[in-house]
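**Student:** I am attaching a structure below and will ask some questions about it afterwards.
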Amino acid sequence: MRLQVADGTTENPSRLWAISDLHLSMSANRTGIEALPDHGADWLILAGDVAEKPDDLAWAFDLLSRRFARLIWVPGNHELWTVKGPDGAVLAGEAKYRAMVDVARTHGVVTPEDPYPVWEGACGPVLLAPLFLGFDYSFRPPEIKLETVLEWAWEKRLRSADETRLLSDPYLTRQDWCAARVAWTRARLEREVPAGMRTVLINHYPLRQDLVTLRRIPRFSPWCGTAATEDWHQRFNALACIHGHLHVPATHWRDGVRFEEVSLGYPRQWQPHGRGPDRALRLVLPL
């Protein structure tokens, strides 16, 4: 099998893997990533929450680009958290996202802002589409209004750190930023996905609310995506959809499409099961 990349060249990878939520601020996670073996010509999808700081993201890309032939990355909410940059300036909102994209591009990593690569393998050409969409609090029960959703979650003492650490500048609200990203991404996919071509849609958040399987904290769902993408697996002819964020690794099927939650998670979540980064890698292609 072969992969066609943005510059028109081809490579011969054997497999396409995915993982997310590496959370490299955790020393045990960093140690686990360092222990990953060389995967030669394989490609790796990083579905967000790799690191909060640009320097840590650069560290991950530097290491993983020596273990895999190509990296494809989308931001998670942690990549968007407000931090101080190397020059001491505050990086927040869109500026933080663009700074992380710059880090990725410096290391040759495919981002949601770059041309979509096409996998030419045994299952036919498949377009790999990294997405950055955000959340808009629409993953909530229909009887709960937007203006009361935070109070509804707080009834169970739930509040995401995103409320203070993920700013939406220059957009007025996170919902506005999410809506802008959804509109831009939908138009791009409609324009750039060839008719009849299968896709792998890659996003940090699940594309459907019914994939938010947080049994212990179900009221955390408002911070888990947007209902605007509910039918994208059908609209854009997906062969598979990749996401993280939930820290609940699982395979789900909807309308004949495979949805993979590929989180590693925090050490307390994976260490009791011995499911370190090497075992958390999920095979996406070939099927």
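Simple scheme: letters A, B, ... for chains in structure tokens order, numbers from 1 for residues in each chain, numbers from 1 for ligands in the order shown.
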Taking the DSSP assignment computed from this structure's backbone, write out as a ChimeraX atom specification all residues of stretch 107-274 of chain A that belong to strand (DSSP E or B).

**Tutor:** /A:110,118-121,124-130,198-202,238-243,250-254,257-261,263

**Student:** For the alpha helix (DSSP H) assignment from backbone DSSP, which residues of stretch 162-208 of chain A qualify? Please present them as an NGL selection string.

**Tutor:** :A and (162-165 or 174-192)

**Student:** What is the distance, in Å and to one decimal place, between atom CA of A:Lys84 and atom CA of A:Ala104?

**Tutor:**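 Separating atom CA of A:Lys84 from atom CA of A:Ala104 is a distance of 18.0 Å.
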
**Student:** What is the atom CA of A:Asp21-atom CA of A:Thr106 distance in Å, reported with one decimal?

**Tutor:** 21.4 Å

**Student:** Could you list, as a ChimeraX atom specification, every residue within 8 Å of A:Ala179, counting only C-alpha atoms and ignoring same-chain residues fewer than 4 positions away?

**Tutor:** /A:133,136,175,183
